[in-house]
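**Student:** Structure supplied as run_38.txt; contents: compact mmCIF, C-alpha atoms.
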```txt
# COMPACT_ATOMS: atom_id res chain seq x y z
CA MET A 16 15.87 -35.48 69.98
CA THR A 17 13.83 -34.09 67.07
CA THR A 18 10.65 -32.15 67.63
CA PRO A 19 7.57 -33.22 65.59
CA ASN A 20 7.95 -30.04 63.52
CA ALA A 21 11.55 -30.73 62.64
CA ARG A 22 10.65 -34.27 61.76
CA ARG A 23 7.87 -33.05 59.46
CA ARG A 24 10.33 -30.69 57.76
CA LEU A 25 12.76 -33.55 57.31
CA LEU A 26 10.06 -35.76 55.85
CA THR A 27 8.96 -32.99 53.45
CA ALA A 28 12.55 -32.50 52.35
CA ALA A 29 12.93 -36.23 51.80
CA SER A 30 9.78 -36.44 49.66
CA LEU A 31 10.93 -33.43 47.63
CA LEU A 32 14.22 -35.16 46.96
CA VAL A 33 12.34 -38.15 45.60
CA LEU A 34 10.21 -35.85 43.43
CA VAL A 35 13.10 -34.00 41.82
CA ARG A 36 15.06 -37.13 40.93
CA PRO A 37 14.96 -37.49 37.14
CA ALA A 38 12.79 -40.27 35.82
CA ALA A 39 14.82 -43.38 35.11
CA ALA A 40 14.12 -46.59 33.28
CA THR A 41 13.95 -49.71 35.42
CA PRO A 42 13.92 -53.42 34.54
CA GLU A 43 10.09 -53.22 34.83
CA ARG A 44 9.86 -50.22 32.50
CA MET A 45 12.18 -51.96 30.04
CA ALA A 46 9.90 -55.04 30.12
CA GLN A 47 6.85 -52.82 29.56
CA ALA A 48 8.52 -51.04 26.64
CA ILE A 49 9.45 -54.39 25.06
CA ALA A 50 5.90 -55.71 25.53
CA ALA A 51 4.49 -52.55 23.92
CA TYR A 52 6.93 -52.93 21.02
CA THR A 53 6.17 -56.60 20.35
CA GLY A 54 2.43 -56.23 20.95
CA ASN A 55 2.64 -58.53 24.00
CA VAL A 56 4.34 -61.33 22.06
CA ALA A 57 6.96 -62.76 24.42
CA PRO A 58 10.31 -62.65 22.58
CA LYS A 59 12.20 -65.92 22.34
CA THR A 60 15.94 -65.97 22.96
CA GLY A 61 18.02 -66.53 19.83
CA ARG A 62 18.51 -65.47 16.21
CA VAL A 63 19.60 -62.01 17.38
CA THR A 64 23.28 -61.16 17.79
CA PHE A 65 23.95 -58.08 19.88
CA GLU A 66 27.50 -56.88 19.31
CA ILE A 67 28.74 -54.46 21.97
CA ALA A 68 31.86 -54.17 24.12
CA GLN A 69 31.31 -55.68 27.57
CA LEU A 70 33.59 -53.20 29.28
CA ILE A 71 33.00 -49.63 28.13
CA ASP A 72 35.42 -46.81 28.95
CA ASN A 73 33.17 -44.00 27.82
CA GLY A 74 29.38 -44.23 27.82
CA ASN A 75 28.93 -41.23 25.52
CA ALA A 76 29.29 -43.04 22.21
CA VAL A 77 29.22 -46.82 22.38
CA PRO A 78 29.25 -48.64 19.01
CA VAL A 79 26.61 -51.35 18.71
CA THR A 80 25.61 -53.74 15.93
CA ILE A 81 22.46 -55.87 15.87
CA ARG A 82 22.40 -58.79 13.45
CA VAL A 83 19.39 -61.05 12.94
CA GLU A 84 19.39 -64.44 11.20
CA SER A 85 16.89 -64.11 8.37
CA PRO A 86 16.77 -64.89 4.65
CA MET A 87 15.17 -61.43 4.08
CA THR A 88 12.76 -62.61 1.39
CA ALA A 89 9.32 -61.12 0.69
CA THR A 90 7.66 -63.85 2.74
CA ASP A 91 10.23 -64.24 5.50
CA HIS A 92 12.01 -61.14 6.70
CA VAL A 93 12.76 -58.98 9.71
CA THR A 94 10.31 -56.08 10.05
CA GLY A 95 11.84 -54.36 13.05
CA ILE A 96 14.94 -54.17 15.22
CA ALA A 97 14.94 -52.25 18.50
CA ILE A 98 17.21 -51.71 21.50
CA PHE A 99 15.98 -51.20 25.07
CA ASN A 100 17.85 -50.51 28.31
CA GLU A 101 17.03 -50.57 31.99
CA LYS A 102 18.98 -47.70 33.51
CA ASN A 103 19.17 -44.76 31.09
CA PRO A 104 16.55 -42.05 31.76
CA GLU A 105 14.31 -43.62 29.08
CA PRO A 106 13.90 -47.34 28.32
CA ASP A 107 13.96 -46.80 24.53
CA VAL A 108 17.18 -46.41 22.54
CA ILE A 109 16.27 -46.97 18.89
CA ARG A 110 13.54 -48.66 16.86
CA CYS A 111 14.31 -49.51 13.24
CA THR A 112 11.89 -50.51 10.52
CA LEU A 113 13.14 -52.88 7.83
CA GLY A 114 11.63 -54.55 4.81
CA PRO A 115 12.67 -57.34 2.45
CA ARG A 116 14.53 -54.75 0.34
CA ALA A 117 16.96 -54.18 3.20
CA GLY A 118 18.64 -57.38 1.96
CA LYS A 119 20.38 -58.02 5.27
CA ALA A 120 18.97 -57.68 8.79
CA GLU A 121 21.83 -55.75 10.32
CA VAL A 122 21.96 -52.27 11.86
CA SER A 123 24.83 -50.39 13.50
CA THR A 124 24.77 -47.16 15.48
CA ARG A 125 26.37 -45.45 18.46
CA ILE A 126 24.50 -45.14 21.74
CA ARG A 127 24.79 -43.47 25.16
CA LEU A 128 24.85 -45.43 28.39
CA ALA A 129 24.17 -43.75 31.73
CA THR A 130 25.64 -46.59 33.79
CA SER A 131 26.47 -50.30 33.90
CA GLN A 132 23.31 -52.16 33.00
CA ARG A 133 21.51 -54.75 30.92
CA LEU A 134 20.53 -53.99 27.33
CA THR A 135 18.09 -55.96 25.22
CA ALA A 136 17.90 -56.12 21.43
CA VAL A 137 14.55 -57.26 20.05
CA ALA A 138 13.73 -58.29 16.48
CA LYS A 139 10.25 -58.59 15.00
CA LEU A 140 9.77 -60.99 12.08
CA SER A 141 7.20 -61.00 9.29
CA ASP A 142 5.65 -64.22 10.69
CA GLY A 143 4.81 -62.35 13.91
CA SER A 144 7.48 -63.98 16.06
CA CYS A 145 9.86 -61.93 18.18
CA TRP A 146 13.43 -62.75 19.16
CA GLN A 147 15.83 -61.15 21.58
CA GLN A 148 19.28 -61.12 23.07
CA ALA A 149 20.20 -59.38 26.33
CA VAL A 150 23.72 -58.30 27.27
CA ASP A 151 25.19 -56.94 30.49
CA VAL A 152 27.72 -54.16 30.08
CA ILE A 153 30.02 -52.35 32.50
CA VAL A 154 30.41 -48.60 31.97
CA THR A 155 33.31 -46.83 33.68
CA LEU A 156 32.63 -43.23 32.54
CA ALA A 157 28.92 -42.60 32.23
CA ALA A 158 27.09 -40.39 29.76
CA CYS A 159 24.50 -37.84 30.92
CA ILE A 160 25.97 -36.92 34.29
CA GLU A 161 28.72 -34.49 33.41
CA GLY A 162 27.71 -30.87 32.84
CA GLU A 163 29.18 -28.34 30.46
CA ALA A 164 32.74 -27.18 31.08
CA PRO A 165 32.66 -24.16 33.46
CA MET B 11 20.05 -24.42 8.86
CA THR B 12 22.00 -27.21 7.25
CA ALA B 13 23.92 -29.75 9.23
CA ARG B 14 26.91 -31.56 7.80
CA ALA B 15 25.77 -34.97 6.62
CA LEU B 16 28.06 -37.73 5.41
CA ILE B 17 26.75 -40.68 3.44
CA HIS B 18 29.10 -43.50 2.49
CA MET B 19 27.87 -45.96 -0.10
CA PRO B 20 29.13 -47.34 -3.37
CA ALA B 21 28.15 -45.37 -6.49
CA SER B 22 27.40 -48.53 -8.43
CA ALA B 23 26.38 -52.11 -7.78
CA LYS B 24 25.23 -55.24 -9.58
CA ALA B 25 21.51 -56.04 -9.52
CA GLY B 26 20.74 -58.12 -6.45
CA GLU B 27 23.90 -57.07 -4.64
CA ILE B 28 23.53 -56.09 -0.99
CA VAL B 29 25.01 -52.66 -0.42
CA GLU B 30 26.02 -51.15 2.92
CA ILE B 31 24.99 -47.57 3.57
CA ARG B 32 26.56 -45.55 6.37
CA ALA B 33 24.94 -42.23 7.24
CA LEU B 34 26.17 -39.70 9.77
CA ILE B 35 24.83 -36.23 10.53
CA ALA B 36 26.35 -33.50 12.71
CA HIS B 37 23.88 -32.90 15.55
CA PRO B 38 24.42 -32.50 19.32
CA MET B 39 21.52 -34.87 20.26
CA GLU B 40 21.03 -32.85 23.47
CA SER B 41 19.32 -35.47 25.62
CA GLY B 42 17.44 -33.11 27.97
CA TYR B 43 18.93 -34.93 30.98
CA ARG B 44 22.28 -33.15 31.10
CA PRO B 45 22.79 -30.23 33.49
CA GLY B 46 24.00 -26.98 31.92
CA ALA B 47 26.34 -24.40 33.48
CA ASP B 48 23.44 -23.05 35.61
CA GLY B 49 22.66 -26.52 36.98
CA LYS B 50 19.33 -26.74 35.15
CA PRO B 51 18.85 -29.42 32.50
CA VAL B 52 19.64 -28.27 28.96
CA PRO B 53 16.40 -28.51 26.90
CA GLN B 54 16.08 -31.61 24.76
CA ASP B 55 17.11 -31.24 21.11
CA VAL B 56 17.37 -34.58 19.34
CA ILE B 57 16.81 -36.08 15.92
CA ARG B 58 13.73 -38.23 16.28
CA GLY B 59 13.46 -39.94 12.97
CA PHE B 60 15.46 -41.07 9.96
CA THR B 61 14.13 -42.53 6.73
CA CYS B 62 15.77 -43.88 3.59
CA THR B 63 13.75 -44.32 0.42
CA TYR B 64 14.92 -46.01 -2.81
CA GLU B 65 13.14 -44.69 -5.89
CA GLY B 66 10.43 -43.38 -3.53
CA GLU B 67 9.93 -46.69 -1.74
CA PRO B 68 10.80 -46.83 1.98
CA VAL B 69 13.65 -49.29 2.58
CA PHE B 70 14.84 -48.38 6.06
CA ALA B 71 13.59 -46.15 8.86
CA ALA B 72 14.65 -45.51 12.44
CA GLU B 73 13.02 -43.84 15.42
CA LEU B 74 15.77 -42.31 17.54
CA HIS B 75 15.65 -41.57 21.26
CA PRO B 76 17.92 -39.38 23.44
CA ALA B 77 20.11 -42.44 24.14
CA ILE B 78 21.55 -42.18 20.63
CA ALA B 79 25.01 -40.60 20.73
CA ALA B 80 25.75 -37.12 19.37
CA ASN B 81 26.26 -36.96 15.59
CA PRO B 82 23.91 -39.90 15.01
CA TYR B 83 25.48 -42.67 12.95
CA LEU B 84 23.44 -45.37 11.27
CA ALA B 85 24.67 -48.23 9.12
CA PHE B 86 22.25 -50.51 7.32
CA PHE B 87 21.90 -52.49 4.09
CA ILE B 88 19.78 -52.35 0.96
CA ARG B 89 19.43 -54.74 -1.96
CA ALA B 90 20.32 -53.02 -5.26
CA SER B 91 17.62 -53.52 -7.91
CA VAL B 92 17.40 -50.60 -10.36
CA THR B 93 19.42 -47.48 -11.06
CA GLY B 94 17.79 -44.80 -8.98
CA THR B 95 17.90 -42.21 -6.26
CA LEU B 96 18.24 -42.88 -2.57
CA GLU B 97 16.78 -40.15 -0.41
CA PHE B 98 17.83 -39.75 3.22
CA THR B 99 15.76 -37.60 5.57
CA TRP B 100 16.42 -36.69 9.19
CA ARG B 101 13.73 -34.99 11.31
CA GLY B 102 13.96 -33.72 14.86
CA ASP B 103 13.12 -31.23 17.58
CA ASN B 104 12.86 -27.50 16.83
CA GLY B 105 11.72 -28.18 13.28
CA PHE B 106 14.97 -29.89 12.27
CA ALA B 107 14.64 -31.46 8.83
CA GLN B 108 17.30 -32.34 6.31
CA THR B 109 17.29 -34.38 3.15
CA GLU B 110 20.26 -35.71 1.16
CA ARG B 111 20.17 -37.61 -2.12
CA LYS B 112 22.54 -40.14 -3.69
CA THR B 113 22.34 -42.02 -6.95
CA LEU B 114 23.01 -45.72 -7.18
CA THR B 115 23.88 -47.01 -10.64
CA VAL B 116 22.88 -50.63 -11.03
CA SER B 117 24.26 -52.88 -13.75
CA PRO B 118 22.48 -56.13 -14.63
```
Written as structure tokens, that's how I'd like the structure from this file.
**Tutor:**
Amino acid sequence: MTTPNARRRLLTAASLLVLVRPAAATPERMAQAIAAYTGNVAPKTGRVTFEIAQLIDNGNAVPVTIRVESPMTATDHVTGIAIFNEKNPEPDVIRCTLGPRAGKAEVSTRIRLATSQRLTAVAKLSDGSCWQQAVDVIVTLAACIEGEAP
Amino acid sequence: MTARALIHMPASAKAGEIVEIRALIAHPMESGYRPGADGKPVPQDVIRGFTCTYEGEPVFAAELHPAIAANPYLAFFIRASVTGTLEFTWRGDNGFAQTERKTLTVSP
């Protein structure tokens, strides 16, 4: 049987544990970050192709390519491409700015993934519309968690 | 402080041709979420921004976050129009700033 004091100590310890956990993105924070990026325009599904392996051995450097269907003319082009995630420490991954002189709405990079999760690629177009594609990926060896070699 | 930067792009193109540019810079992109040998998180040190200008005009820019892998790699496209200079600039934590230049020769 626990005394009230011991219980209080346990409760304090539990709340401390919650406090020291690093901040992490959640599906809600990802949705908020997307809304802030699009200026509260709800992205439609389509036009965006999110190329990423679905099963990832190593989350430290995952190649990704985002391709958006667009003629890339002065009057009709992609103005931005961004990637968001729901389980890395931060919901943002990258935000790119493009113009008609980009010629092709396609960006490739390498990203880190803390764990298996859903990623969303969002594209903003010059007509104000926003498009997205979400993908679920499985990560076997996560980034972020391992420390330096002793 | 100069980091090794690699930029792959053709030296020449025809006017109107769409050219792929691949840029990579040596940088640890220390996320700030990784524990060091003492168990404390290693302070964040990342490249936060990248810009590419073509004859002074911005053609591509990226805002990078800690979720970008070490030695940030970016591949993107530009439409060749005139012979000119492409300027690539990376900026980051701890005053990191580096600029590289490449010339693109454009034939009509």
**Student:** Figure out the distance between CA of His92 in chain A and CA of Leu140 in chain A, please, to one decimal in Å.
**Tutor:**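 Separating CA of Leu140 in chain A from CA of His92 in chain A is a distance of 5.8 Å.
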**Student:** Quick check, in Å to one decimal: how far apart do CA of Glu121 in chain A and CA of Ala85 in chain B lie?
**Tutor:** 8.1 Å
**Student:** Could you please tell me, as a PyMOL selection string, which residues of chain A have an atom within 10 Å of chain B when using all atoms listed in the file?
**Tutor:** chain A and resi 37-38+74-78+80+87+94-97+99-100+103-129+158-165
**Student:** Taking 2 positions as the minimum chain separation for residues in the same chain, which residues sit within 10 Å of Gly94 in chain B when counting all atoms listed in the file? Answer as a PyMOL selection string.
**Tutor:** chain B and resi 64-66+90-92+96-97+112-116
**Student:** Could you tell me how far CA of Glu84 in chain A sits from CA of Ala25 in chain B, in Å to one decimal place?
**Tutor:**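 Interatomic distance here is 22.5 Å.
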**Student:** Taking into account only C-alpha atoms, which residue in the set A:Asp142, A:Gln147, A:Ala39, A:Thr155 is nearest to Asp91 in chain A?
**Tutor:**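 Between A:Asp142, A:Gln147, A:Ala39, A:Thr155, the residue approaching Asp91 in chain A most closely is A:Asp142.
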**Student:** Name the residues in contact with Ile153 in chain A at a cut-off of 7 Å, using only C-alpha atoms, excluding same-chain residues fewer than 3 positions from it; report them as a list of chain:residue names.
**Tutor:**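 Surrounding residues, per the criterion: A:Gln69, A:Leu70, A:Ile71, A:Ser131, A:Gln132.
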**Student:** Name the residues in contact with Val63 in chain A at a cut-off of 9 Å, using all atoms listed in the file, excluding same-chain residues fewer than 5 positions from it; report them as a list in words.
**Tutor:**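 Listed by chain and then number, they are Ile81, Arg82, Val83, Glu84, Ala136, Val137, Ala138, Trp146, Gln147 and Gln148 of chain A.
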**Student:** Mind giving me the axis-aligned box for range 14-31 of chain B with 6 Å on every side, centre plus edges in Å to one decimal, as AutoDock Vina command-line options?
**Tutor:**
```
--center_x 24.9 --center_y -44.8 --center_z -0.9 --size_x 20.4 --size_y 38.6 --size_z 29.4
```
**Student:** Select, from A:Thr41, A:Thr60, A:Thr130, A:Gln47, the residue with the minimum atom-to-atom distance to Val154 in chain A, counting only C-alpha atoms.
**Tutor:**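 Ranking A:Thr41, A:Thr60, A:Thr130, A:Gln47 by distance to Val154 in chain A, first place goes to A:Thr130.
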**Student:** Of the candidates A:Lys59, A:Ala68, A:Lys102, A:Val93, which shows the shortest atom-to-atom distance to Ala157 in chain A, using all atoms listed in the file?
**Tutor:** A:Lys102
